[in-house]
Amino acid sequence: MTKFTRGIIASSFFLLAVLFSTIAHSQPLEMDKPDEIPLGGLIRSDTFNSPLGPVFLRWTREVEGKFGRDPLRATIEASRAASRVLRLSSVPSELNNLYINWNIVFMDSVSSSAKLPKGLIDQCHPGWMLPPAHIYIVGERVSEGCGGQQKIQKVADKRLSQVVVHELAHAIEYQMLGAEQWRDRSRAEGFATWFELLASRHSSLLDESMIKASAFKRARESIHRYPGNNFVFDGSSEAYARMAIYFSWLESRYGLAEVFRVYDDIRNEPEPFLSVLVRKYATDISRLDKEVLKYIDSQGM
Ligand SMILES: [Zn+2]
């Protein structure tokens with residue numbers, strides 16, 4: 001039995017990840033790139049050289065109105081923070097030198113005339129990434145959340161950079177895994193959410209203490225509610241946070257370089273992230289969760 005087969009049996013969430021992945025990849029290939037998305041009203045655009053490569057950016061005046069900071073400045077700050085993480089010595093050299101073309105659009109809301117996968121439109125995510133580095137951000141979902149509850153401008157402003165960092169992280173992970181990336185959605189979202197935490201240590205714009213407290217709190221809630229094998233990655237914010245904290249735990253316990261060694265393992269022999277953690281560092285998922293809860297406690301969260 002291969003490690004991958006064992007992983008499927010061990011991790012019930014994996015089937016769900018495959019389902020999501022199948023939905024995402026069974027969409028027609030005809031899709032608007034960020035620079036082709038129809039935008040209403042006054043359109044702005046800019047090109048700048050970020051430390052991660054040239055960025056072409058489009059946004060509308062309406063999006064600007066929702067934030068104290070315009071999307072250009074939020075993207076500049078997010079790319080700087082992400083590149084500071086990638087320059088760390090524990091990060092593999094292919095990521096240290098990442099330099100690719102980025103194509104980003106900030107929509108006010110999702111246009112019904114845009115050619116985009118329905119699954120992405122129907123979800124309430126504030127942004128998404130399509131390989132290799134096409135990023136779509138929905139302003140109203142960032143500023144108001146999915147329930148339409150209004151947040152104060154300052155929070156929405158910081159949140160905008162956080163959302164951009166999250167999407168940059170998906171593109172960064174794609175560089176490591178290629179098409180393998182979306183076979184395990186729980187890992188992909190965990191990586192991107194953990195990357196927000198990493199980047200917040202390297203940017204004054206991102207609110208490190210707020211991002212950390214929120215992620216730890218939601219991860220703890222998820223572990224208590226769905227301990228061990230009861231956990232199924234359902235795309236909720238608690239599930240995102242829980243997966244992110246598995247990454248944080250791994251980083252804290254074994255060092256940042258170990259996270260990328262796990263990626264080498266997955267690249268060499270595809271296996272769900274959680275089953276790699278259980279196989280390498282714990283005897284079963286319940287023991288892993290216990291360790292992670294101890295880690296959360298040790299952070300004073
Ligand atoms: Zn994501």
# chains A, B, ... in the order shown; residues from 1 in each chain; ligands from 1
$ residues_near_ligand --ligand "ligand 1" --cutoff "12 Å" --atoms "only C-alpha atoms and all ligand atoms" --output "mmCIF file with all heavy atoms, in the first residue's frame"
data_model
loop_
_atom_site.group_PDB
_atom_site.id
_atom_site.type_symbol
_atom_site.label_atom_id
_atom_site.label_comp_id
_atom_site.auth_asym_id
_atom_site.auth_seq_id
_atom_site.Cartn_x
_atom_site.Cartn_y
_atom_site.Cartn_z
ATOM 1 N N LEU A 120 -16.288 29.459 -7.825
ATOM 2 C CA LEU A 120 -15.571 30.553 -7.176
ATOM 3 C C LEU A 120 -16.494 31.735 -6.922
ATOM 4 O O LEU A 120 -16.408 32.408 -5.902
ATOM 5 C CB LEU A 120 -14.394 30.999 -8.047
ATOM 6 C CG LEU A 120 -13.259 29.985 -8.178
ATOM 7 C CD1 LEU A 120 -12.226 30.470 -9.178
ATOM 8 C CD2 LEU A 120 -12.604 29.743 -6.825
ATOM 9 N N GLN A 123 -18.881 30.965 -3.904
ATOM 10 C CA GLN A 123 -18.288 30.978 -2.575
ATOM 11 C C GLN A 123 -18.199 32.428 -2.108
ATOM 12 O O GLN A 123 -18.244 33.339 -2.907
ATOM 13 C CB GLN A 123 -16.879 30.384 -2.627
ATOM 14 C CG GLN A 123 -16.881 28.887 -2.857
ATOM 15 C CD GLN A 123 -15.497 28.374 -3.213
ATOM 16 O OE1 GLN A 123 -14.524 29.113 -3.140
ATOM 17 N NE2 GLN A 123 -15.438 27.123 -3.603
ATOM 18 N N CYS A 124 -18.038 32.571 -0.808
ATOM 19 C CA CYS A 124 -18.017 33.944 -0.299
ATOM 20 C C CYS A 124 -16.596 34.433 -0.041
ATOM 21 O O CYS A 124 -16.387 35.340 0.737
ATOM 22 C CB CYS A 124 -18.858 34.018 0.958
ATOM 23 S SG CYS A 124 -19.285 35.699 1.352
ATOM 24 N N HIS A 125 -15.605 33.816 -0.684
ATOM 25 C CA HIS A 125 -14.233 34.225 -0.420
ATOM 26 C C HIS A 125 -13.980 35.620 -0.972
ATOM 27 O O HIS A 125 -14.458 35.956 -2.045
ATOM 28 C CB HIS A 125 -13.267 33.243 -1.065
ATOM 29 C CG HIS A 125 -13.353 31.883 -0.458
ATOM 30 N ND1 HIS A 125 -13.294 31.687 0.899
ATOM 31 C CD2 HIS A 125 -13.526 30.662 -1.008
ATOM 32 C CE1 HIS A 125 -13.433 30.399 1.137
ATOM 33 N NE2 HIS A 125 -13.584 29.755 0.014
ATOM 34 N N PRO A 126 -13.190 36.393 -0.241
ATOM 35 C CA PRO A 126 -12.892 37.747 -0.720
ATOM 36 C C PRO A 126 -11.916 37.762 -1.890
ATOM 37 O O PRO A 126 -11.756 38.780 -2.546
ATOM 38 C CB PRO A 126 -12.284 38.445 0.503
ATOM 39 C CG PRO A 126 -11.781 37.344 1.371
ATOM 40 C CD PRO A 126 -12.641 36.141 1.101
ATOM 41 N N GLY A 127 -11.247 36.642 -2.140
ATOM 42 C CA GLY A 127 -10.307 36.630 -3.257
ATOM 43 C C GLY A 127 -9.991 35.218 -3.663
ATOM 44 O O GLY A 127 -10.335 34.266 -2.956
ATOM 45 N N TRP A 128 -9.392 35.065 -4.820
ATOM 46 C CA TRP A 128 -8.910 33.750 -5.225
ATOM 47 C C TRP A 128 -7.775 33.916 -6.215
ATOM 48 O O TRP A 128 -7.560 34.989 -6.779
ATOM 49 C CB TRP A 128 -10.031 32.874 -5.784
ATOM 50 C CG TRP A 128 -10.732 33.389 -6.995
ATOM 51 C CD1 TRP A 128 -10.347 33.206 -8.288
ATOM 52 C CD2 TRP A 128 -11.934 34.164 -7.037
ATOM 53 N NE1 TRP A 128 -11.235 33.819 -9.125
ATOM 54 C CE2 TRP A 128 -12.220 34.405 -8.394
ATOM 55 C CE3 TRP A 128 -12.800 34.676 -6.060
ATOM 56 C CZ2 TRP A 128 -13.325 35.151 -8.807
ATOM 57 C CZ3 TRP A 128 -13.895 35.412 -6.467
ATOM 58 C CH2 TRP A 128 -14.159 35.645 -7.825
ATOM 59 N N MET A 129 -7.033 32.812 -6.408
ATOM 60 C CA MET A 129 -5.889 32.823 -7.303
ATOM 61 C C MET A 129 -6.056 31.705 -8.310
ATOM 62 O O MET A 129 -6.441 30.594 -7.949
ATOM 63 C CB MET A 129 -4.613 32.593 -6.485
ATOM 64 C CG MET A 129 -3.295 32.683 -7.227
ATOM 65 S SD MET A 129 -2.790 31.303 -8.301
ATOM 66 C CE MET A 129 -2.714 29.927 -7.182
ATOM 67 N N LEU A 130 -5.816 32.010 -9.569
ATOM 68 C CA LEU A 130 -5.750 30.962 -10.581
ATOM 69 C C LEU A 130 -4.326 30.950 -11.121
ATOM 70 O O LEU A 130 -3.745 32.011 -11.353
ATOM 71 C CB LEU A 130 -6.762 31.240 -11.697
ATOM 72 C CG LEU A 130 -8.243 31.189 -11.264
ATOM 73 C CD1 LEU A 130 -9.159 31.559 -12.419
ATOM 74 C CD2 LEU A 130 -8.611 29.808 -10.737
ATOM 75 N N ILE A 135 -4.759 36.931 -9.883
ATOM 76 C CA ILE A 135 -5.417 37.149 -8.589
ATOM 77 C C ILE A 135 -6.641 38.047 -8.758
ATOM 78 O O ILE A 135 -6.587 39.075 -9.448
ATOM 79 C CB ILE A 135 -4.412 37.753 -7.581
ATOM 80 C CG1 ILE A 135 -3.360 36.686 -7.240
ATOM 81 C CG2 ILE A 135 -5.109 38.230 -6.316
ATOM 82 C CD1 ILE A 135 -2.244 37.170 -6.346
ATOM 83 N N TYR A 136 -7.729 37.619 -8.133
ATOM 84 C CA TYR A 136 -9.004 38.342 -8.199
ATOM 85 C C TYR A 136 -9.427 38.670 -6.772
ATOM 86 O O TYR A 136 -9.546 37.774 -5.937
ATOM 87 C CB TYR A 136 -10.088 37.460 -8.841
ATOM 88 C CG TYR A 136 -9.713 36.841 -10.170
ATOM 89 C CD1 TYR A 136 -8.844 35.746 -10.230
ATOM 90 C CD2 TYR A 136 -10.222 37.349 -11.357
ATOM 91 C CE1 TYR A 136 -8.499 35.177 -11.448
ATOM 92 C CE2 TYR A 136 -9.887 36.781 -12.592
ATOM 93 C CZ TYR A 136 -9.021 35.694 -12.628
ATOM 94 O OH TYR A 136 -8.684 35.134 -13.835
ATOM 95 N N ILE A 137 -9.665 39.954 -6.498
ATOM 96 C CA ILE A 137 -10.104 40.364 -5.163
ATOM 97 C C ILE A 137 -11.471 41.038 -5.300
ATOM 98 O O ILE A 137 -11.673 41.857 -6.202
ATOM 99 C CB ILE A 137 -9.114 41.388 -4.535
ATOM 100 C CG1 ILE A 137 -7.669 40.864 -4.564
ATOM 101 C CG2 ILE A 137 -9.548 41.769 -3.126
ATOM 102 C CD1 ILE A 137 -7.291 39.842 -3.571
ATOM 103 N N GLN A 162 -4.035 41.938 3.955
ATOM 104 C CA GLN A 162 -4.014 40.541 4.421
ATOM 105 C C GLN A 162 -4.574 39.608 3.337
ATOM 106 O O GLN A 162 -4.024 38.538 3.069
ATOM 107 C CB GLN A 162 -4.838 40.435 5.707
ATOM 108 C CG GLN A 162 -4.731 39.099 6.406
ATOM 109 C CD GLN A 162 -5.655 39.035 7.628
ATOM 110 O OE1 GLN A 162 -6.160 40.058 8.102
ATOM 111 N NE2 GLN A 162 -5.885 37.842 8.116
ATOM 112 N N VAL A 163 -5.672 40.036 2.706
ATOM 113 C CA VAL A 163 -6.286 39.223 1.649
ATOM 114 C C VAL A 163 -5.325 39.100 0.452
ATOM 115 O O VAL A 163 -5.181 38.027 -0.134
ATOM 116 C CB VAL A 163 -7.636 39.837 1.203
ATOM 117 C CG1 VAL A 163 -8.141 39.197 -0.075
ATOM 118 C CG2 VAL A 163 -8.680 39.678 2.308
ATOM 119 N N VAL A 164 -4.636 40.194 0.126
ATOM 120 C CA VAL A 164 -3.689 40.128 -0.997
ATOM 121 C C VAL A 164 -2.545 39.172 -0.655
ATOM 122 O O VAL A 164 -2.150 38.336 -1.470
ATOM 123 C CB VAL A 164 -3.144 41.530 -1.366
ATOM 124 C CG1 VAL A 164 -2.120 41.416 -2.484
ATOM 125 C CG2 VAL A 164 -4.273 42.456 -1.793
ATOM 126 N N VAL A 165 -2.029 39.258 0.574
ATOM 127 C CA VAL A 165 -0.955 38.343 0.994
ATOM 128 C C VAL A 165 -1.415 36.891 0.856
ATOM 129 O O VAL A 165 -0.671 36.033 0.373
ATOM 130 C CB VAL A 165 -0.514 38.627 2.458
ATOM 131 C CG1 VAL A 165 0.294 37.464 3.024
ATOM 132 C CG2 VAL A 165 0.298 39.905 2.531
ATOM 133 N N HIS A 166 -2.639 36.623 1.277
ATOM 134 C CA HIS A 166 -3.186 35.261 1.203
ATOM 135 C C HIS A 166 -3.154 34.750 -0.251
ATOM 136 O O HIS A 166 -2.729 33.624 -0.514
ATOM 137 C CB HIS A 166 -4.623 35.274 1.747
ATOM 138 C CG HIS A 166 -5.295 33.936 1.755
ATOM 139 N ND1 HIS A 166 -5.405 33.173 2.899
ATOM 140 C CD2 HIS A 166 -5.892 33.222 0.768
ATOM 141 C CE1 HIS A 166 -6.040 32.041 2.598
ATOM 142 N NE2 HIS A 166 -6.354 32.045 1.314
ATOM 143 N N GLU A 167 -3.570 35.595 -1.175
ATOM 144 C CA GLU A 167 -3.612 35.163 -2.579
ATOM 145 C C GLU A 167 -2.207 35.048 -3.170
ATOM 146 O O GLU A 167 -1.934 34.155 -3.970
ATOM 147 C CB GLU A 167 -4.494 36.109 -3.406
ATOM 148 C CG GLU A 167 -5.942 36.203 -2.921
ATOM 149 C CD GLU A 167 -6.627 34.844 -2.738
ATOM 150 O OE1 GLU A 167 -6.336 33.927 -3.524
ATOM 151 O OE2 GLU A 167 -7.439 34.701 -1.802
ATOM 152 N N LEU A 168 -1.304 35.943 -2.763
ATOM 153 C CA LEU A 168 0.099 35.808 -3.204
ATOM 154 C C LEU A 168 0.635 34.458 -2.739
ATOM 155 O O LEU A 168 1.351 33.760 -3.469
ATOM 156 C CB LEU A 168 0.977 36.931 -2.612
ATOM 157 C CG LEU A 168 0.697 38.374 -3.040
ATOM 158 C CD1 LEU A 168 1.616 39.325 -2.268
ATOM 159 C CD2 LEU A 168 0.889 38.574 -4.535
ATOM 160 N N ALA A 169 0.253 34.074 -1.518
ATOM 161 C CA ALA A 169 0.738 32.808 -0.954
ATOM 162 C C ALA A 169 0.257 31.614 -1.773
ATOM 163 O O ALA A 169 0.993 30.643 -1.961
ATOM 164 C CB ALA A 169 0.290 32.676 0.503
ATOM 165 N N HIS A 170 -0.975 31.676 -2.279
ATOM 166 C CA HIS A 170 -1.447 30.572 -3.133
ATOM 167 C C HIS A 170 -0.547 30.446 -4.379
ATOM 168 O O HIS A 170 -0.214 29.342 -4.806
ATOM 169 C CB HIS A 170 -2.888 30.810 -3.576
ATOM 170 C CG HIS A 170 -3.913 30.435 -2.537
ATOM 171 N ND1 HIS A 170 -3.856 29.273 -1.812
ATOM 172 C CD2 HIS A 170 -5.045 31.076 -2.116
ATOM 173 C CE1 HIS A 170 -4.894 29.206 -0.985
ATOM 174 N NE2 HIS A 170 -5.637 30.295 -1.142
ATOM 175 N N ALA A 171 -0.181 31.588 -4.946
ATOM 176 C CA ALA A 171 0.678 31.555 -6.137
ATOM 177 C C ALA A 171 2.076 31.043 -5.770
ATOM 178 O O ALA A 171 2.711 30.339 -6.558
ATOM 179 C CB ALA A 171 0.756 32.945 -6.760
ATOM 180 N N ILE A 172 2.535 31.383 -4.577
ATOM 181 C CA ILE A 172 3.852 30.914 -4.110
ATOM 182 C C ILE A 172 3.810 29.394 -3.926
ATOM 183 O O ILE A 172 4.713 28.670 -4.347
ATOM 184 C CB ILE A 172 4.234 31.636 -2.792
ATOM 185 C CG1 ILE A 172 4.558 33.106 -3.081
ATOM 186 C CG2 ILE A 172 5.409 30.931 -2.100
ATOM 187 C CD1 ILE A 172 4.578 34.009 -1.855
ATOM 188 N N GLU A 173 2.719 28.907 -3.338
ATOM 189 C CA GLU A 173 2.614 27.456 -3.136
ATOM 190 C C GLU A 173 2.520 26.730 -4.483
ATOM 191 O O GLU A 173 3.054 25.626 -4.652
ATOM 192 C CB GLU A 173 1.392 27.118 -2.258
ATOM 193 C CG GLU A 173 1.522 25.730 -1.637
ATOM 194 C CD GLU A 173 0.209 25.070 -1.300
ATOM 195 O OE1 GLU A 173 -0.786 25.302 -2.013
ATOM 196 O OE2 GLU A 173 0.186 24.301 -0.322
ATOM 197 N N TYR A 174 1.851 27.374 -5.439
ATOM 198 C CA TYR A 174 1.751 26.772 -6.780
ATOM 199 C C TYR A 174 3.142 26.563 -7.379
ATOM 200 O O TYR A 174 3.395 25.568 -8.064
ATOM 201 C CB TYR A 174 0.893 27.661 -7.694
ATOM 202 C CG TYR A 174 0.831 27.142 -9.113
ATOM 203 C CD1 TYR A 174 0.017 26.061 -9.442
ATOM 204 C CD2 TYR A 174 1.625 27.709 -10.118
ATOM 205 C CE1 TYR A 174 -0.018 25.556 -10.735
ATOM 206 C CE2 TYR A 174 1.597 27.219 -11.420
ATOM 207 C CZ TYR A 174 0.775 26.145 -11.714
ATOM 208 O OH TYR A 174 0.750 25.648 -12.998
ATOM 209 N N GLN A 181 -1.200 21.138 -6.468
ATOM 210 C CA GLN A 181 -1.624 22.048 -5.394
ATOM 211 C C GLN A 181 -3.043 21.807 -4.903
ATOM 212 O O GLN A 181 -3.284 21.717 -3.715
ATOM 213 C CB GLN A 181 -1.494 23.498 -5.872
ATOM 214 C CG GLN A 181 -1.957 24.513 -4.829
ATOM 215 C CD GLN A 181 -1.777 25.952 -5.298
ATOM 216 O OE1 GLN A 181 -1.949 26.268 -6.470
ATOM 217 N NE2 GLN A 181 -1.414 26.829 -4.380
ATOM 218 N N TRP A 182 -4.017 21.700 -5.798
ATOM 219 C CA TRP A 182 -5.411 21.670 -5.348
ATOM 220 C C TRP A 182 -5.950 20.268 -5.102
ATOM 221 O O TRP A 182 -7.134 20.083 -4.916
ATOM 222 C CB TRP A 182 -6.302 22.474 -6.306
ATOM 223 C CG TRP A 182 -5.954 23.916 -6.192
ATOM 224 C CD1 TRP A 182 -5.201 24.659 -7.065
ATOM 225 C CD2 TRP A 182 -6.246 24.804 -5.097
ATOM 226 N NE1 TRP A 182 -5.023 25.934 -6.583
ATOM 227 C CE2 TRP A 182 -5.655 26.050 -5.385
ATOM 228 C CE3 TRP A 182 -6.951 24.656 -3.879
ATOM 229 C CZ2 TRP A 182 -5.746 27.144 -4.526
ATOM 230 C CZ3 TRP A 182 -7.044 25.753 -3.031
ATOM 231 C CH2 TRP A 182 -6.444 26.964 -3.356
ATOM 232 N N ARG A 185 -7.004 20.633 -0.745
ATOM 233 C CA ARG A 185 -7.398 22.029 -0.530
ATOM 234 C C ARG A 185 -7.124 22.464 0.903
ATOM 235 O O ARG A 185 -6.811 23.620 1.173
ATOM 236 C CB ARG A 185 -8.889 22.196 -0.862
ATOM 237 C CG ARG A 185 -9.349 23.618 -0.719
ATOM 238 C CD ARG A 185 -10.787 23.826 -1.160
ATOM 239 N NE ARG A 185 -11.203 25.161 -0.808
ATOM 240 C CZ ARG A 185 -12.270 25.443 -0.080
ATOM 241 N NH1 ARG A 185 -13.052 24.470 0.349
ATOM 242 N NH2 ARG A 185 -12.580 26.687 0.208
ATOM 243 N N SER A 186 -7.257 21.533 1.857
ATOM 244 C CA SER A 186 -7.033 21.908 3.253
ATOM 245 C C SER A 186 -5.600 22.380 3.454
ATOM 246 O O SER A 186 -5.351 23.355 4.163
ATOM 247 C CB SER A 186 -7.351 20.735 4.185
ATOM 248 O OG SER A 186 -6.471 19.659 3.956
ATOM 249 N N ARG A 187 -4.650 21.697 2.804
ATOM 250 C CA ARG A 187 -3.248 22.123 2.917
ATOM 251 C C ARG A 187 -3.042 23.479 2.241
ATOM 252 O O ARG A 187 -2.382 24.360 2.783
ATOM 253 C CB ARG A 187 -2.331 21.072 2.274
ATOM 254 C CG ARG A 187 -0.848 21.320 2.495
ATOM 255 C CD ARG A 187 -0.003 20.964 1.269
ATOM 256 N NE ARG A 187 -0.454 21.732 0.124
ATOM 257 C CZ ARG A 187 -1.074 21.218 -0.930
ATOM 258 N NH1 ARG A 187 -1.264 19.934 -1.040
ATOM 259 N NH2 ARG A 187 -1.503 22.008 -1.909
ATOM 260 N N ALA A 188 -3.620 23.628 1.035
ATOM 261 C CA ALA A 188 -3.432 24.877 0.283
ATOM 262 C C ALA A 188 -3.951 26.077 1.084
ATOM 263 O O ALA A 188 -3.283 27.108 1.199
ATOM 264 C CB ALA A 188 -4.141 24.790 -1.068
ATOM 265 N N GLU A 189 -5.145 25.933 1.673
ATOM 266 C CA GLU A 189 -5.697 27.057 2.449
ATOM 267 C C GLU A 189 -4.934 27.245 3.758
ATOM 268 O O GLU A 189 -4.763 28.364 4.236
ATOM 269 C CB GLU A 189 -7.189 26.851 2.717
ATOM 270 C CG GLU A 189 -8.069 26.841 1.455
ATOM 271 C CD GLU A 189 -7.987 28.124 0.636
ATOM 272 O OE1 GLU A 189 -7.329 29.087 1.055
ATOM 273 O OE2 GLU A 189 -8.585 28.147 -0.463
ATOM 274 N N GLY A 190 -4.469 26.136 4.337
ATOM 275 C CA GLY A 190 -3.660 26.243 5.555
ATOM 276 C C GLY A 190 -2.368 26.986 5.288
ATOM 277 O O GLY A 190 -1.986 27.883 6.044
ATOM 278 N N PHE A 191 -1.716 26.660 4.174
ATOM 279 C CA PHE A 191 -0.463 27.328 3.829
ATOM 280 C C PHE A 191 -0.686 28.830 3.660
ATOM 281 O O PHE A 191 0.050 29.653 4.207
ATOM 282 C CB PHE A 191 0.123 26.734 2.541
ATOM 283 C CG PHE A 191 1.372 27.431 2.070
ATOM 284 C CD1 PHE A 191 2.621 27.066 2.568
ATOM 285 C CD2 PHE A 191 1.307 28.468 1.145
ATOM 286 C CE1 PHE A 191 3.778 27.724 2.148
ATOM 287 C CE2 PHE A 191 2.456 29.140 0.723
ATOM 288 C CZ PHE A 191 3.693 28.756 1.224
ATOM 289 N N ALA A 192 -1.722 29.180 2.886
ATOM 290 C CA ALA A 192 -1.960 30.601 2.594
ATOM 291 C C ALA A 192 -2.331 31.374 3.864
ATOM 292 O O ALA A 192 -1.922 32.521 4.049
ATOM 293 C CB ALA A 192 -3.046 30.744 1.532
ATOM 294 N N THR A 193 -3.087 30.734 4.752
ATOM 295 C CA THR A 193 -3.500 31.410 5.992
ATOM 296 C C THR A 193 -2.310 31.524 6.950
ATOM 297 O O THR A 193 -2.124 32.538 7.623
ATOM 298 C CB THR A 193 -4.674 30.641 6.641
ATOM 299 O OG1 THR A 193 -5.693 30.450 5.646
ATOM 300 C CG2 THR A 193 -5.262 31.397 7.814
ATOM 301 N N TRP A 194 -1.477 30.489 6.994
ATOM 302 C CA TRP A 194 -0.248 30.541 7.797
ATOM 303 C C TRP A 194 0.701 31.611 7.249
ATOM 304 O O TRP A 194 1.361 32.331 7.992
ATOM 305 C CB TRP A 194 0.416 29.163 7.771
ATOM 306 C CG TRP A 194 1.812 29.110 8.271
ATOM 307 C CD1 TRP A 194 2.242 29.298 9.554
ATOM 308 C CD2 TRP A 194 2.997 28.832 7.496
ATOM 309 N NE1 TRP A 194 3.606 29.137 9.617
ATOM 310 C CE2 TRP A 194 4.089 28.855 8.368
ATOM 311 C CE3 TRP A 194 3.219 28.550 6.146
ATOM 312 C CZ2 TRP A 194 5.400 28.627 7.945
ATOM 313 C CZ3 TRP A 194 4.513 28.316 5.715
ATOM 314 C CH2 TRP A 194 5.581 28.360 6.611
ATOM 315 N N PHE A 195 0.745 31.735 5.929
ATOM 316 C CA PHE A 195 1.626 32.719 5.308
ATOM 317 C C PHE A 195 1.227 34.143 5.721
ATOM 318 O O PHE A 195 2.067 35.025 5.829
ATOM 319 C CB PHE A 195 1.602 32.565 3.785
ATOM 320 C CG PHE A 195 2.794 33.162 3.101
ATOM 321 C CD1 PHE A 195 3.945 32.411 2.888
ATOM 322 C CD2 PHE A 195 2.785 34.487 2.688
ATOM 323 C CE1 PHE A 195 5.059 32.969 2.270
ATOM 324 C CE2 PHE A 195 3.893 35.047 2.078
ATOM 325 C CZ PHE A 195 5.027 34.291 1.857
ATOM 326 N N GLU A 196 -0.076 34.355 5.959
ATOM 327 C CA GLU A 196 -0.517 35.669 6.465
ATOM 328 C C GLU A 196 0.174 35.959 7.794
ATOM 329 O O GLU A 196 0.617 37.080 8.061
ATOM 330 C CB GLU A 196 -2.031 35.680 6.704
ATOM 331 C CG GLU A 196 -2.889 35.547 5.465
ATOM 332 C CD GLU A 196 -4.357 35.321 5.835
ATOM 333 O OE1 GLU A 196 -4.783 35.695 6.934
ATOM 334 O OE2 GLU A 196 -5.080 34.728 5.005
ATOM 335 N N GLY A 235 -14.071 24.316 4.557
ATOM 336 C CA GLY A 235 -13.932 25.647 3.961
ATOM 337 C C GLY A 235 -14.343 26.772 4.898
ATOM 338 O O GLY A 235 -14.362 27.930 4.499
ATOM 339 N N SER A 236 -14.679 26.451 6.166
ATOM 340 C CA SER A 236 -15.043 27.513 7.118
ATOM 341 C C SER A 236 -13.787 28.244 7.585
ATOM 342 O O SER A 236 -12.667 27.726 7.444
ATOM 343 C CB SER A 236 -15.744 26.897 8.336
ATOM 344 O OG SER A 236 -14.834 26.059 9.033
ATOM 345 N N SER A 237 -13.983 29.419 8.169
ATOM 346 C CA SER A 237 -12.813 30.183 8.626
ATOM 347 C C SER A 237 -12.116 29.444 9.778
ATOM 348 O O SER A 237 -10.906 29.532 9.934
ATOM 349 C CB SER A 237 -13.215 31.601 9.009
ATOM 350 O OG SER A 237 -13.715 31.651 10.312
ATOM 351 N N ALA A 239 -11.830 26.191 9.964
ATOM 352 C CA ALA A 239 -11.026 25.129 9.332
ATOM 353 C C ALA A 239 -9.761 25.717 8.694
ATOM 354 O O ALA A 239 -8.683 25.119 8.774
ATOM 355 C CB ALA A 239 -11.867 24.395 8.287
ATOM 356 N N TYR A 240 -9.885 26.903 8.083
ATOM 357 C CA TYR A 240 -8.699 27.579 7.536
ATOM 358 C C TYR A 240 -7.679 27.799 8.660
ATOM 359 O O TYR A 240 -6.493 27.528 8.505
ATOM 360 C CB TYR A 240 -9.078 28.953 6.968
ATOM 361 C CG TYR A 240 -9.568 28.987 5.541
ATOM 362 C CD1 TYR A 240 -10.563 28.136 5.085
ATOM 363 C CD2 TYR A 240 -9.038 29.898 4.638
ATOM 364 C CE1 TYR A 240 -11.023 28.199 3.778
ATOM 365 C CE2 TYR A 240 -9.478 29.972 3.321
ATOM 366 C CZ TYR A 240 -10.480 29.122 2.903
ATOM 367 O OH TYR A 240 -10.930 29.192 1.613
ATOM 368 N N ALA A 241 -8.194 28.351 9.785
ATOM 369 C CA ALA A 241 -7.293 28.705 10.888
ATOM 370 C C ALA A 241 -6.643 27.450 11.471
ATOM 371 O O ALA A 241 -5.446 27.436 11.764
ATOM 372 C CB ALA A 241 -8.072 29.452 11.967
ATOM 373 N N MET A 243 -5.954 24.608 10.001
ATOM 374 C CA MET A 243 -4.898 24.126 9.114
ATOM 375 C C MET A 243 -3.668 25.031 9.207
ATOM 376 O O MET A 243 -2.534 24.559 9.169
ATOM 377 C CB MET A 243 -5.417 24.050 7.672
ATOM 378 C CG MET A 243 -6.451 22.958 7.418
ATOM 379 S SD MET A 243 -5.955 21.283 7.916
ATOM 380 C CE MET A 243 -4.479 21.027 6.915
ATOM 381 N N ALA A 244 -3.906 26.354 9.333
ATOM 382 C CA ALA A 244 -2.779 27.286 9.448
ATOM 383 C C ALA A 244 -1.968 27.008 10.712
ATOM 384 O O ALA A 244 -0.736 27.066 10.703
ATOM 385 C CB ALA A 244 -3.291 28.725 9.458
#
$ residues_around --residues "segment 175-180 of chain A" --least-positions-apart "2" --cutoff "9 Å" --atoms "only C-alpha atoms" --output "JSON, numbers by chain"
{"A": [94, 95, 98, 131, 132, 170, 171, 172, 173, 182, 183, 184, 263, 264, 266, 267, 270]}
$ residues_around --residues "Lys280 of chain A" --least-positions-apart "3" --cutoff "12 Å" --atoms "only C-alpha atoms" --output "list in words"
Lys3, Leu250, Tyr254, Glu258, Arg261, Val262, Asp265, Phe273, Leu274, Ser275, Val276, Leu277, Thr283, Asp284, Ile285 and Leu288 of chain A
$ atom_distance --atom1 "atom CA of Thr60 of chain A" --atom2 "atom CA of Ile43 of chain A"
4.6 Å
$ closest_residue --among "A:Pro51, A:Pro117, A:Gly65, A:Pro272" --to "Arg84 of chain A" --atoms "only C-alpha atoms"
A:Pro51
$ atom_distance --atom1 "atom CA of His134 of chain A" --atom2 "atom CA of Asn103 of chain A"
5.0 Å
$ select_by_dssp --residues "segment 47-270 of chain A" --states "alpha helix (DSSP H)" --output "MDAnalysis selection string"
chainID A and resid 61:66 71:86 93:96 118:122 139:144 153:177 185:200 208:225 237:254 256:268
$ atom_distance --atom1 "atom CA of Trp102 of chain A" --atom2 "atom CA of Leu116 of chain A"
18.0 Å
$ closest_residue --among "A:Ala74, A:Ala82, A:Val278, A:Val91" --to "Leu52 of chain A" --atoms "only C-alpha atoms"
A:Ala82
$ select_by_dssp --residues "segment 62-269 of chain A" --states "strand (DSSP E)" --output "PyMOL selection string"
chain A and resi 102-107+127-130+134-138
$ residues_around --residues "Ser203 of chain A" --least-positions-apart "2" --cutoff "12 Å" --atoms "only C-alpha atoms" --output "list in words"
Ala74, Ile76, Glu77, Ala78, Ser79, Arg80, Ala81, Ala82, Ser83, Arg84, Val85, Lys158, Ser161, Gln162, Val165, Glu196, Leu197, Leu198, Ala199, Ser200, Arg201, Leu205, Leu206, Asp207, Glu208 and Ser209 of chain A
$ closest_residue --among "A:Thr75, A:Ser222, A:Ser111, A:Asn96" --to "Leu160 of chain A" --atoms "only C-alpha atoms"
A:Thr75
$ closest_residue --among "A:His202, A:Lys115, A:Asp108, A:Val142" --to "Arg87 of chain A" --atoms "only C-alpha atoms"
A:His202
